Amino acid sequence: MRIRNLLKIAWRAISLNKTRTFLTMLGIIIGVASVIAMLAIGEGSKASIKSQISSMGSNMITIRPGAGMQGGVRMDPGQSQSLKLSDYEALSDASNLSHLSPQVQGSGQAINGSENWPTQIYGVAPAYLEIRKLEMRSGSMFSQQEVSSASKVAVLGQTVVDNLFPNEDPIGKMIRFNKIPFQVIGVLESKGQNTFGQDQDDLILAPYTTVQKRILAVDYLQTIVASATSEENAPAAVEEVESILRKSHNLSISAENDFNVFSMEELISTFSSTSEMLTVLLVAIAAISLFVGGIGIMNIMYVSVKERTREIGLRMAVGGQSGDILLQFLIESVLISVTGGIIGVCLGFATTLLIKNILHWPVIITLYSVIVSFLVCAITGIFFGWYPARKASVLDPIVALRYE
């Protein structure tokens, strides 16, 4: 009953000057809305990155030549050609790998009659489709026999098809890539852009032997990609790959690897950590508005105590307790803060929906962001309202009644 009466008094007090109360709440409203929007963007980005990387093959393992990087500098640039076909053949016996493919790539101009398009050609093995989770839209993937004979056949991504064959079926037609003719035998299903804005359909696949001999004229591999037998086996597969390659390269125990092995799990972890750091930074910036809003509440409560000094003195003179005065002003400050928090949550939801529908950014509003915002609002109201409330509760009734 006592709390209900104090709530009524507090609500009546803050309702007497709506404009001033709203302006006091403004910092809290902006702060809470910003925190919810920033957390939603952070969670959405993290989920999107994980989904996009997983779509490339969650158990994919990538092996690249060369020593590790230190301070942005490769430690031994001479090792950039350290991956050979013999490494690919040695890895084919790995028990923790289910699919394996060499990869070499080059850029150039693809031409069909008067149509031309700058793109990338990837020299791979048939297993590349399984590793990268690519599907055929029409036609077929080249065979291992076509790889062995270095056949001039190609599978096109949808962007290449749209630009070279805008009004016709490309299957069976001929294209030229850097003046080398290729017969189109298949078209890949469209995958769209990845998280980094890269068009995953802007590519040509061809046998790695063909690209090595006819396009690049090299005998080394730029990358080897593989699939672990399962996502859980990825760490064991990475260890097995390192062990096989160190043996294949005759590296001593003390020698550093002249290759790098990455799993998708490590990539997801790295990008998730980066995303979390950015989210924390953005939330910290948004939290400054909450702090400024709290100072606003303290200021307005201090003014309110000054304005109502005679009322406080009168209540004490008729038997009012210091605890009641303290509680009343604390309830007022918490009421202002929590009401601002509720409006801020609504504004945060609206802002998040606008970001999703207008900017098309991935966003996820989590329950914990709403709960944390409410808790922070309540704590802000108590923390910043304590000093003015305490000052009101220790006033001398006689001095308060004489206050002009």
# chains A, B, ... in the order shown; residues from 1 in each chain; ligands from 1

$ closest_atom_pairs --of "range 178-296 of chain A" --to "range 139-151 of chain A" --cutoff "9 Å" --atoms "only C-alpha atoms" --output "CSV"
residue,atom,partner,partner_atom,distance
A:Phe182,CA,A:Ser151,CA,8.5
A:Val184,CA,A:Gly139,CA,8.7
A:Ile185,CA,A:Gly139,CA,5.6
A:Gly186,CA,A:Gly139,CA,4.0
A:Val187,CA,A:Gly139,CA,6.3
A:Leu188,CA,A:Gly139,CA,8.8
A:Leu205,CA,A:Met141,CA,8.9
A:Ala206,CA,A:Phe142,CA,7.7
A:Pro207,CA,A:Val147,CA,4.9
A:Tyr208,CA,A:Val147,CA,6.9
A:Thr209,CA,A:Ala150,CA,5.1
A:Thr210,CA,A:Ala150,CA,4.5
A:Val211,CA,A:Ala150,CA,8.3
A:Lys213,CA,A:Ala150,CA,8.1
A:Arg214,CA,A:Ala150,CA,8.8

$ write_last_selection --atoms "all heavy atoms" --output "mmCIF file, in the first residue's frame"
data_model
loop_
_atom_site.group_PDB
_atom_site.id
_atom_site.type_symbol
_atom_site.label_atom_id
_atom_site.label_comp_id
_atom_site.auth_asym_id
_atom_site.auth_seq_id
_atom_site.Cartn_x
_atom_site.Cartn_y
_atom_site.Cartn_z
ATOM 1 N N PHE A 182 37.892 -23.295 -74.965
ATOM 2 C CA PHE A 182 37.329 -24.269 -74.017
ATOM 3 C C PHE A 182 35.904 -24.605 -74.462
ATOM 4 O O PHE A 182 35.150 -23.710 -74.879
ATOM 5 C CB PHE A 182 37.270 -23.687 -72.595
ATOM 6 C CG PHE A 182 38.600 -23.608 -71.895
ATOM 7 C CD1 PHE A 182 39.427 -22.509 -72.064
ATOM 8 C CD2 PHE A 182 39.013 -24.630 -71.052
ATOM 9 C CE1 PHE A 182 40.647 -22.423 -71.416
ATOM 10 C CE2 PHE A 182 40.235 -24.558 -70.393
ATOM 11 C CZ PHE A 182 41.056 -23.451 -70.577
ATOM 12 N N VAL A 184 32.248 -25.538 -73.284
ATOM 13 C CA VAL A 184 31.424 -25.437 -72.073
ATOM 14 C C VAL A 184 30.634 -26.734 -71.914
ATOM 15 O O VAL A 184 29.870 -27.117 -72.810
ATOM 16 C CB VAL A 184 30.459 -24.234 -72.157
ATOM 17 C CG1 VAL A 184 29.607 -24.156 -70.891
ATOM 18 C CG2 VAL A 184 31.230 -22.940 -72.368
ATOM 19 N N ILE A 185 30.846 -27.431 -70.792
ATOM 20 C CA ILE A 185 30.133 -28.700 -70.564
ATOM 21 C C ILE A 185 29.161 -28.611 -69.380
ATOM 22 O O ILE A 185 28.395 -29.539 -69.147
ATOM 23 C CB ILE A 185 31.126 -29.859 -70.322
ATOM 24 C CG1 ILE A 185 31.992 -29.584 -69.074
ATOM 25 C CG2 ILE A 185 32.008 -30.087 -71.546
ATOM 26 C CD1 ILE A 185 32.806 -30.787 -68.639
ATOM 27 N N GLY A 186 29.193 -27.504 -68.635
ATOM 28 C CA GLY A 186 28.280 -27.409 -67.494
ATOM 29 C C GLY A 186 28.152 -25.985 -66.985
ATOM 30 O O GLY A 186 29.001 -25.124 -67.256
ATOM 31 N N VAL A 187 27.056 -25.742 -66.235
ATOM 32 C CA VAL A 187 26.806 -24.427 -65.607
ATOM 33 C C VAL A 187 26.502 -24.678 -64.124
ATOM 34 O O VAL A 187 25.726 -25.588 -63.787
ATOM 35 C CB VAL A 187 25.617 -23.700 -66.270
ATOM 36 C CG1 VAL A 187 25.290 -22.405 -65.525
ATOM 37 C CG2 VAL A 187 25.927 -23.399 -67.728
ATOM 38 N N LEU A 188 27.110 -23.871 -63.260
ATOM 39 C CA LEU A 188 26.919 -24.031 -61.811
ATOM 40 C C LEU A 188 25.643 -23.346 -61.339
ATOM 41 O O LEU A 188 25.222 -22.322 -61.913
ATOM 42 C CB LEU A 188 28.110 -23.434 -61.053
ATOM 43 C CG LEU A 188 29.465 -24.112 -61.246
ATOM 44 C CD1 LEU A 188 30.557 -23.253 -60.631
ATOM 45 C CD2 LEU A 188 29.461 -25.501 -60.608
ATOM 46 N N LEU A 205 35.453 -22.990 -63.985
ATOM 47 C CA LEU A 205 36.183 -24.157 -63.483
ATOM 48 C C LEU A 205 36.705 -24.966 -64.672
ATOM 49 O O LEU A 205 35.975 -25.164 -65.666
ATOM 50 C CB LEU A 205 35.275 -25.050 -62.633
ATOM 51 C CG LEU A 205 34.654 -24.427 -61.374
ATOM 52 C CD1 LEU A 205 33.846 -25.484 -60.617
ATOM 53 C CD2 LEU A 205 35.726 -23.839 -60.472
ATOM 54 N N ALA A 206 37.945 -25.425 -64.581
ATOM 55 C CA ALA A 206 38.552 -26.254 -65.632
ATOM 56 C C ALA A 206 39.490 -27.248 -64.957
ATOM 57 O O ALA A 206 39.859 -27.068 -63.784
ATOM 58 C CB ALA A 206 39.307 -25.371 -66.621
ATOM 59 N N PRO A 207 39.881 -28.322 -65.635
ATOM 60 C CA PRO A 207 40.832 -29.269 -65.021
ATOM 61 C C PRO A 207 42.132 -28.560 -64.638
ATOM 62 O O PRO A 207 42.631 -27.712 -65.400
ATOM 63 C CB PRO A 207 41.059 -30.289 -66.140
ATOM 64 C CG PRO A 207 39.829 -30.223 -66.981
ATOM 65 C CD PRO A 207 39.406 -28.779 -66.952
ATOM 66 N N TYR A 208 42.657 -28.887 -63.455
ATOM 67 C CA TYR A 208 43.867 -28.185 -62.989
ATOM 68 C C TYR A 208 45.062 -28.432 -63.903
ATOM 69 O O TYR A 208 45.934 -27.574 -64.069
ATOM 70 C CB TYR A 208 44.193 -28.576 -61.543
ATOM 71 C CG TYR A 208 44.594 -30.016 -61.312
ATOM 72 C CD1 TYR A 208 45.921 -30.417 -61.427
ATOM 73 C CD2 TYR A 208 43.653 -30.972 -60.968
ATOM 74 C CE1 TYR A 208 46.288 -31.736 -61.203
ATOM 75 C CE2 TYR A 208 44.006 -32.289 -60.756
ATOM 76 C CZ TYR A 208 45.329 -32.671 -60.871
ATOM 77 O OH TYR A 208 45.695 -33.972 -60.659
ATOM 78 N N THR A 209 45.082 -29.597 -64.542
ATOM 79 C CA THR A 209 46.192 -29.887 -65.460
ATOM 80 C C THR A 209 46.144 -28.941 -66.667
ATOM 81 O O THR A 209 47.177 -28.449 -67.131
ATOM 82 C CB THR A 209 46.076 -31.342 -65.938
ATOM 83 O OG1 THR A 209 44.711 -31.600 -66.351
ATOM 84 C CG2 THR A 209 46.445 -32.319 -64.842
ATOM 85 N N THR A 210 44.932 -28.650 -67.147
ATOM 86 C CA THR A 210 44.760 -27.751 -68.292
ATOM 87 C C THR A 210 45.204 -26.335 -67.938
ATOM 88 O O THR A 210 45.929 -25.676 -68.701
ATOM 89 C CB THR A 210 43.278 -27.735 -68.727
ATOM 90 O OG1 THR A 210 42.823 -29.069 -68.880
ATOM 91 C CG2 THR A 210 43.105 -26.967 -70.025
ATOM 92 N N VAL A 211 44.769 -25.867 -66.764
ATOM 93 C CA VAL A 211 45.117 -24.495 -66.349
ATOM 94 C C VAL A 211 46.616 -24.380 -66.085
ATOM 95 O O VAL A 211 47.253 -23.380 -66.456
ATOM 96 C CB VAL A 211 44.301 -24.106 -65.098
ATOM 97 C CG1 VAL A 211 44.709 -22.717 -64.600
ATOM 98 C CG2 VAL A 211 42.814 -24.134 -65.406
ATOM 99 N N LYS A 213 49.104 -26.149 -67.489
ATOM 100 C CA LYS A 213 49.914 -26.240 -68.709
ATOM 101 C C LYS A 213 49.583 -25.148 -69.723
ATOM 102 O O LYS A 213 50.479 -24.565 -70.337
ATOM 103 C CB LYS A 213 49.690 -27.615 -69.372
ATOM 104 C CG LYS A 213 50.246 -28.778 -68.573
ATOM 105 C CD LYS A 213 49.899 -30.092 -69.250
ATOM 106 C CE LYS A 213 50.383 -31.272 -68.401
ATOM 107 N NZ LYS A 213 49.970 -32.562 -68.970
ATOM 108 N N ARG A 214 48.271 -24.880 -69.938
ATOM 109 C CA ARG A 214 47.882 -24.028 -71.062
ATOM 110 C C ARG A 214 47.662 -22.570 -70.681
ATOM 111 O O ARG A 214 47.755 -21.695 -71.519
ATOM 112 C CB ARG A 214 46.601 -24.590 -71.699
ATOM 113 C CG ARG A 214 46.740 -26.025 -72.183
ATOM 114 C CD ARG A 214 45.433 -26.519 -72.821
ATOM 115 N NE ARG A 214 45.491 -27.951 -73.073
ATOM 116 C CZ ARG A 214 46.081 -28.514 -74.134
ATOM 117 N NH1 ARG A 214 46.672 -27.739 -75.029
ATOM 118 N NH2 ARG A 214 46.083 -29.822 -74.279
#

$ residues_around --residues "Gly108 in chain A" --least-positions-apart "6" --cutoff "10 Å" --atoms "only C-alpha atoms" --output "number ranges by chain"
A: 117-121, 177-179, 215

$ atom_distance --atom1 "CA of Gln321 in chain A" --atom2 "CA of Val338 in chain A"
25.7 Å

$ residues_around --residues "Leu97 in chain A" --least-positions-apart "4" --cutoff "6 Å" --atoms "only C-alpha atoms" --output "ChimeraX atom specification"
/A:227-229

$ select_by_dssp --residues "range 47-286 of chain A" --states "strand (DSSP E or B)" --output "JSON, numbers by chain"
{"A": [60, 61, 62, 63, 64, 65, 69, 70, 73, 74, 84, 97, 98, 99, 100, 101, 102, 103, 104, 105, 106, 107, 108, 109, 110, 111, 112, 115, 116, 117, 118, 119, 120, 121, 122, 123, 124, 136, 137, 138, 139, 153, 154, 155, 156, 174, 175, 176, 177, 180, 181, 182, 183, 184, 185, 186, 187, 188, 193, 199, 203, 204, 205, 206, 207, 220, 223, 224, 225, 226, 227, 228, 259, 260, 261, 262, 263]}

$ residues_around --residues "Ile325 in chain A" --least-positions-apart "3" --cutoff "10 Å" --atoms "only C-alpha atoms" --output "JSON, numbers by chain"
{"A": [6, 312, 315, 316, 320, 321, 322, 328, 329, 330, 331, 389, 390, 391, 392, 393, 394, 395]}

$ write_last_selection --atoms "all heavy atoms" --output "CSV table (one decimal), in the first residue's frame"
chain,number,residue,atom,x,y,z
A,6,LEU,N,3.4,5.8,-2.9
A,6,LEU,CA,4.6,6.5,-3.3
A,6,LEU,C,4.7,6.5,-4.8
A,6,LEU,O,5.1,7.5,-5.4
A,6,LEU,CB,5.8,5.8,-2.7
A,6,LEU,CG,6.0,6.0,-1.2
A,6,LEU,CD1,7.2,5.2,-0.7
A,6,LEU,CD2,6.2,7.5,-0.9
A,312,ILE,N,8.6,19.1,1.2
A,312,ILE,CA,9.3,18.1,2.0
A,312,ILE,C,9.3,18.5,3.5
A,312,ILE,O,9.0,17.6,4.4
A,312,ILE,CB,10.8,18.0,1.6
A,312,ILE,CG1,10.8,17.5,0.1
A,312,ILE,CG2,11.6,17.1,2.5
A,312,ILE,CD1,12.2,17.6,-0.6
A,315,ARG,N,5.8,17.8,4.9
A,315,ARG,CA,5.6,16.3,5.1
A,315,ARG,C,6.3,15.8,6.4
A,315,ARG,O,5.8,15.0,7.1
A,315,ARG,CB,6.0,15.5,3.9
A,315,ARG,CG,5.1,15.8,2.7
A,315,ARG,CD,5.5,15.0,1.5
A,315,ARG,NE,5.4,13.5,1.8
A,315,ARG,CZ,5.8,12.6,1.0
A,315,ARG,NH1,6.3,13.0,-0.2
A,315,ARG,NH2,5.7,11.3,1.3
A,316,MET,N,7.5,16.4,6.6
A,316,MET,CA,8.3,15.9,7.8
A,316,MET,C,7.6,16.5,9.1
A,316,MET,O,7.6,15.8,10.1
A,316,MET,CB,9.7,16.4,7.7
A,316,MET,CG,10.6,15.6,6.7
A,316,MET,SD,12.3,16.2,6.7
A,316,MET,CE,13.1,14.8,5.9
A,320,GLY,N,6.2,12.7,8.6
A,320,GLY,CA,6.8,12.0,7.5
A,320,GLY,C,8.2,11.5,7.9
A,320,GLY,O,9.0,12.3,8.5
A,321,GLN,N,8.6,10.3,7.5
A,321,GLN,CA,9.9,9.8,7.9
A,321,GLN,C,10.9,10.1,6.7
A,321,GLN,O,10.6,10.2,5.6
A,321,GLN,CB,9.8,8.2,8.0
A,321,GLN,CG,8.8,7.8,9.1
A,321,GLN,CD,9.3,8.3,10.5
A,321,GLN,OE1,10.4,8.1,10.9
A,321,GLN,NE2,8.4,8.9,11.3
A,322,SER,N,12.2,10.1,7.2
A,322,SER,CA,13.3,10.4,6.2
A,322,SER,C,13.3,9.3,5.1
A,322,SER,O,13.5,9.5,3.9
A,322,SER,CB,14.6,10.4,6.9
A,322,SER,OG,14.7,11.5,7.7
A,328,GLN,N,10.6,8.0,-2.0
A,328,GLN,CA,9.8,8.7,-3.0
A,328,GLN,C,10.6,9.3,-4.1
A,328,GLN,O,10.3,9.1,-5.3
A,328,GLN,CB,9.0,9.9,-2.3
A,328,GLN,CG,8.1,10.6,-3.3
A,328,GLN,CD,7.6,11.9,-2.7
A,328,GLN,OE1,7.4,12.0,-1.5
A,328,GLN,NE2,7.3,12.8,-3.6
A,329,PHE,N,11.8,10.0,-3.8
A,329,PHE,CA,12.6,10.6,-4.8
A,329,PHE,C,13.3,9.5,-5.6
A,329,PHE,O,13.6,9.7,-6.8
A,329,PHE,CB,13.6,11.6,-4.2
A,329,PHE,CG,12.9,12.9,-3.9
A,329,PHE,CD1,12.3,13.2,-2.7
A,329,PHE,CD2,12.8,13.9,-5.0
A,329,PHE,CE1,11.7,14.4,-2.5
A,329,PHE,CE2,12.1,15.1,-4.7
A,329,PHE,CZ,11.6,15.3,-3.5
A,330,LEU,N,13.7,8.4,-4.9
A,330,LEU,CA,14.3,7.3,-5.7
A,330,LEU,C,13.3,6.7,-6.7
A,330,LEU,O,13.7,6.4,-7.8
A,330,LEU,CB,14.8,6.2,-4.7
A,330,LEU,CG,16.2,6.3,-4.2
A,330,LEU,CD1,16.6,5.1,-3.3
A,330,LEU,CD2,17.2,6.4,-5.4
A,331,ILE,N,12.1,6.5,-6.2
A,331,ILE,CA,11.1,6.0,-7.1
A,331,ILE,C,10.9,6.9,-8.3
A,331,ILE,O,10.7,6.4,-9.5
A,331,ILE,CB,9.7,5.7,-6.4
A,331,ILE,CG1,9.9,4.5,-5.5
A,331,ILE,CG2,8.6,5.5,-7.3
A,331,ILE,CD1,8.7,4.3,-4.6
A,389,ALA,N,18.0,12.3,-3.7
A,389,ALA,CA,17.0,11.7,-2.8
A,389,ALA,C,17.6,11.7,-1.4
A,389,ALA,O,16.9,12.0,-0.4
A,389,ALA,CB,16.7,10.2,-3.2
A,390,ARG,N,18.9,11.4,-1.2
A,390,ARG,CA,19.5,11.4,0.1
A,390,ARG,C,19.5,12.9,0.7
A,390,ARG,O,19.3,13.1,1.8
A,390,ARG,CB,20.9,10.9,0.0
A,390,ARG,CG,21.8,11.0,1.2
A,390,ARG,CD,21.3,10.1,2.3
A,390,ARG,NE,22.2,10.2,3.5
A,390,ARG,CZ,21.8,9.8,4.6
A,390,ARG,NH1,20.6,9.2,4.8
A,390,ARG,NH2,22.6,9.9,5.7
A,391,LYS,N,19.8,13.8,-0.2
A,391,LYS,CA,19.8,15.2,0.2
A,391,LYS,C,18.5,15.7,0.7
A,391,LYS,O,18.4,16.4,1.7
A,391,LYS,CB,20.3,16.1,-1.0
A,391,LYS,CG,20.7,17.5,-0.7
A,391,LYS,CD,21.3,18.2,-1.8
A,391,LYS,CE,21.7,19.6,-1.5
A,391,LYS,NZ,22.7,19.8,-0.4
A,392,ALA,N,17.4,15.2,0.0
A,392,ALA,CA,16.0,15.6,0.4
A,392,ALA,C,15.7,14.9,1.7
A,392,ALA,O,15.0,15.6,2.6
A,392,ALA,CB,15.0,15.1,-0.7
A,393,SER,N,16.1,13.7,2.0
A,393,SER,CA,15.7,13.0,3.2
A,393,SER,C,16.4,13.5,4.4
A,393,SER,O,15.9,13.2,5.5
A,393,SER,CB,16.1,11.5,3.0
A,393,SER,OG,17.5,11.3,3.0
A,394,VAL,N,17.5,14.2,4.3
A,394,VAL,CA,18.2,14.7,5.5
A,394,VAL,C,18.0,16.2,5.8
A,394,VAL,O,18.6,16.8,6.6
A,394,VAL,CB,19.7,14.4,5.4
A,394,VAL,CG1,20.0,12.9,5.4
A,394,VAL,CG2,20.3,15.1,4.2
A,395,LEU,N,17.0,16.8,5.1
A,395,LEU,CA,16.7,18.2,5.3
A,395,LEU,C,16.1,18.4,6.7
A,395,LEU,O,15.4,17.6,7.2
A,395,LEU,CB,15.7,18.7,4.2
A,395,LEU,CG,16.2,19.0,2.8
A,395,LEU,CD1,15.0,19.3,1.9
A,395,LEU,CD2,17.2,20.1,2.9

$ residues_around --residues "range 25-41 of chain A" --least-positions-apart "3" --cutoff "7 Å" --atoms "only C-alpha atoms" --output "VMD selection string"
chain A and resid 21 to 22 44 to 45 279 282 to 283 286 to 287 289 to 290 292 to 293 336 to 337 340 to 341 343 to 345 347 to 348 351 to 352 362 to 366 369 to 370 373

$ atom_distance --atom1 "CA of Lys133 in chain A" --atom2 "CA of Lys356 in chain A"
27.7 Å

$ atom_distance --atom1 "CA of Lys173 in chain A" --atom2 "CA of Leu100 in chain A"
29.2 Å

$ residues_around --residues "range 296-308 of chain A" --least-positions-apart "4" --cutoff "6 Å" --atoms "only C-alpha atoms" --output "MDAnalysis selection string"
chainID A and resid 24 384:385 388

$ write_last_selection --atoms "all heavy atoms" --output "compact mmCIF listing (two decimals), in the first residue's frame"
# COMPACT_ATOMS: atom_id res chain seq x y z
N THR A 24 14.40 15.01 -20.12
CA THR A 24 15.30 14.29 -19.20
C THR A 24 15.49 12.84 -19.64
O THR A 24 16.57 12.27 -19.55
CB THR A 24 14.72 14.31 -17.78
OG1 THR A 24 14.46 15.66 -17.40
CG2 THR A 24 15.68 13.69 -16.78
N PHE A 384 22.00 7.46 -10.13
CA PHE A 384 22.02 8.91 -10.31
C PHE A 384 20.93 9.62 -9.49
O PHE A 384 20.96 10.84 -9.36
CB PHE A 384 21.89 9.27 -11.80
CG PHE A 384 23.14 8.96 -12.58
CD1 PHE A 384 23.25 7.79 -13.31
CD2 PHE A 384 24.21 9.84 -12.58
CE1 PHE A 384 24.39 7.49 -14.03
CE2 PHE A 384 25.37 9.56 -13.30
CZ PHE A 384 25.46 8.37 -14.02
N GLY A 385 19.94 8.85 -9.01
CA GLY A 385 18.89 9.49 -8.21
C GLY A 385 19.19 9.46 -6.72
O GLY A 385 18.52 10.11 -5.92
N PRO A 388 20.42 13.15 -4.96
CA PRO A 388 19.34 14.12 -4.68
C PRO A 388 18.34 13.59 -3.66
O PRO A 388 17.84 14.35 -2.80
CB PRO A 388 18.66 14.30 -6.06
CG PRO A 388 19.68 13.87 -7.05
CD PRO A 388 20.47 12.79 -6.38

$ closest_residue --among "A:Gln193, A:Ser92, A:Ser98, A:Gln81" --to "Ile244 in chain A" --atoms "only C-alpha atoms"
A:Ser92

$ decode --residues "range 239-256 of chain A" --atoms "N, CA, C and O atoms" --output "PDB file, in the first residue's frame"
ATOM      1  N   GLU A 239      45.942 -31.691 -38.181  1.00  0.00           N
ATOM      2  CA  GLU A 239      47.185 -32.282 -37.646  1.00  0.00           C
ATOM      3  C   GLU A 239      47.745 -33.331 -38.600  1.00  0.00           C
ATOM      4  O   GLU A 239      48.957 -33.394 -38.844  1.00  0.00           O
ATOM      5  N   GLU A 240      46.857 -34.141 -39.172  1.00  0.00           N
ATOM      6  CA  GLU A 240      47.318 -35.193 -40.092  1.00  0.00           C
ATOM      7  C   GLU A 240      47.919 -34.577 -41.363  1.00  0.00           C
ATOM      8  O   GLU A 240      48.960 -35.037 -41.846  1.00  0.00           O
ATOM      9  N   VAL A 241      47.277 -33.524 -41.881  1.00  0.00           N
ATOM     10  CA  VAL A 241      47.790 -32.849 -43.083  1.00  0.00           C
ATOM     11  C   VAL A 241      49.184 -32.276 -42.805  1.00  0.00           C
ATOM     12  O   VAL A 241      50.117 -32.430 -43.617  1.00  0.00           O
ATOM     13  N   GLU A 242      49.332 -31.632 -41.648  1.00  0.00           N
ATOM     14  CA  GLU A 242      50.649 -31.054 -41.304  1.00  0.00           C
ATOM     15  C   GLU A 242      51.713 -32.142 -41.208  1.00  0.00           C
ATOM     16  O   GLU A 242      52.835 -31.980 -41.691  1.00  0.00           O
ATOM     17  N   SER A 243      51.335 -33.269 -40.585  1.00  0.00           N
ATOM     18  CA  SER A 243      52.285 -34.368 -40.421  1.00  0.00           C
ATOM     19  C   SER A 243      52.710 -34.934 -41.782  1.00  0.00           C
ATOM     20  O   SER A 243      53.903 -35.149 -42.031  1.00  0.00           O
ATOM     21  N   ILE A 244      51.741 -35.141 -42.677  1.00  0.00           N
ATOM     22  CA  ILE A 244      52.053 -35.703 -44.004  1.00  0.00           C
ATOM     23  C   ILE A 244      52.925 -34.737 -44.815  1.00  0.00           C
ATOM     24  O   ILE A 244      53.913 -35.147 -45.445  1.00  0.00           O
ATOM     25  N   LEU A 245      52.569 -33.440 -44.784  1.00  0.00           N
ATOM     26  CA  LEU A 245      53.325 -32.467 -45.586  1.00  0.00           C
ATOM     27  C   LEU A 245      54.739 -32.258 -45.037  1.00  0.00           C
ATOM     28  O   LEU A 245      55.689 -32.077 -45.805  1.00  0.00           O
ATOM     29  N   ARG A 246      54.896 -32.269 -43.723  1.00  0.00           N
ATOM     30  CA  ARG A 246      56.250 -32.126 -43.147  1.00  0.00           C
ATOM     31  C   ARG A 246      57.129 -33.303 -43.569  1.00  0.00           C
ATOM     32  O   ARG A 246      58.304 -33.131 -43.895  1.00  0.00           O
ATOM     33  N   LYS A 247      56.514 -34.498 -43.594  1.00  0.00           N
ATOM     34  CA  LYS A 247      57.260 -35.677 -44.036  1.00  0.00           C
ATOM     35  C   LYS A 247      57.559 -35.576 -45.531  1.00  0.00           C
ATOM     36  O   LYS A 247      58.673 -35.871 -45.991  1.00  0.00           O
ATOM     37  N   SER A 248      56.582 -35.108 -46.303  1.00  0.00           N
ATOM     38  CA  SER A 248      56.761 -34.982 -47.760  1.00  0.00           C
ATOM     39  C   SER A 248      57.820 -33.943 -48.103  1.00  0.00           C
ATOM     40  O   SER A 248      58.550 -34.080 -49.080  1.00  0.00           O
ATOM     41  N   HIS A 249      57.938 -32.899 -47.286  1.00  0.00           N
ATOM     42  CA  HIS A 249      58.911 -31.814 -47.540  1.00  0.00           C
ATOM     43  C   HIS A 249      60.245 -32.058 -46.826  1.00  0.00           C
ATOM     44  O   HIS A 249      61.112 -31.177 -46.838  1.00  0.00           O
ATOM     45  N   ASN A 250      60.355 -33.212 -46.158  1.00  0.00           N
ATOM     46  CA  ASN A 250      61.603 -33.560 -45.445  1.00  0.00           C
ATOM     47  C   ASN A 250      62.023 -32.472 -44.446  1.00  0.00           C
ATOM     48  O   ASN A 250      63.194 -32.079 -44.379  1.00  0.00           O
ATOM     49  N   LEU A 251      61.077 -31.963 -43.687  1.00  0.00           N
ATOM     50  CA  LEU A 251      61.386 -30.920 -42.705  1.00  0.00           C
ATOM     51  C   LEU A 251      61.885 -31.554 -41.410  1.00  0.00           C
ATOM     52  O   LEU A 251      61.312 -32.557 -40.943  1.00  0.00           O
ATOM     53  N   SER A 252      62.926 -30.989 -40.835  1.00  0.00           N
ATOM     54  CA  SER A 252      63.431 -31.493 -39.557  1.00  0.00           C
ATOM     55  C   SER A 252      62.489 -31.067 -38.429  1.00  0.00           C
ATOM     56  O   SER A 252      61.607 -30.214 -38.617  1.00  0.00           O
ATOM     57  N   ILE A 253      62.697 -31.626 -37.235  1.00  0.00           N
ATOM     58  CA  ILE A 253      61.804 -31.342 -36.100  1.00  0.00           C
ATOM     59  C   ILE A 253      61.791 -29.854 -35.752  1.00  0.00           C
ATOM     60  O   ILE A 253      60.762 -29.274 -35.422  1.00  0.00           O
ATOM     61  N   SER A 254      62.969 -29.215 -35.859  1.00  0.00           N
ATOM     62  CA  SER A 254      63.074 -27.798 -35.475  1.00  0.00           C
ATOM     63  C   SER A 254      62.666 -26.852 -36.608  1.00  0.00           C
ATOM     64  O   SER A 254      62.477 -25.644 -36.366  1.00  0.00           O
ATOM     65  N   ALA A 255      62.515 -27.369 -37.824  1.00  0.00           N
ATOM     66  CA  ALA A 255      62.209 -26.487 -38.968  1.00  0.00           C
ATOM     67  C   ALA A 255      60.752 -26.044 -38.933  1.00  0.00           C
ATOM     68  O   ALA A 255      59.861 -26.796 -38.505  1.00  0.00           O
ATOM     69  N   GLU A 256      60.529 -24.783 -39.384  1.00  0.00           N
ATOM     70  CA  GLU A 256      59.156 -24.278 -39.462  1.00  0.00           C
ATOM     71  C   GLU A 256      58.479 -24.832 -40.704  1.00  0.00           C
ATOM     72  O   GLU A 256      59.132 -25.201 -41.685  1.00  0.00           O
TER      73      GLU A 256
END
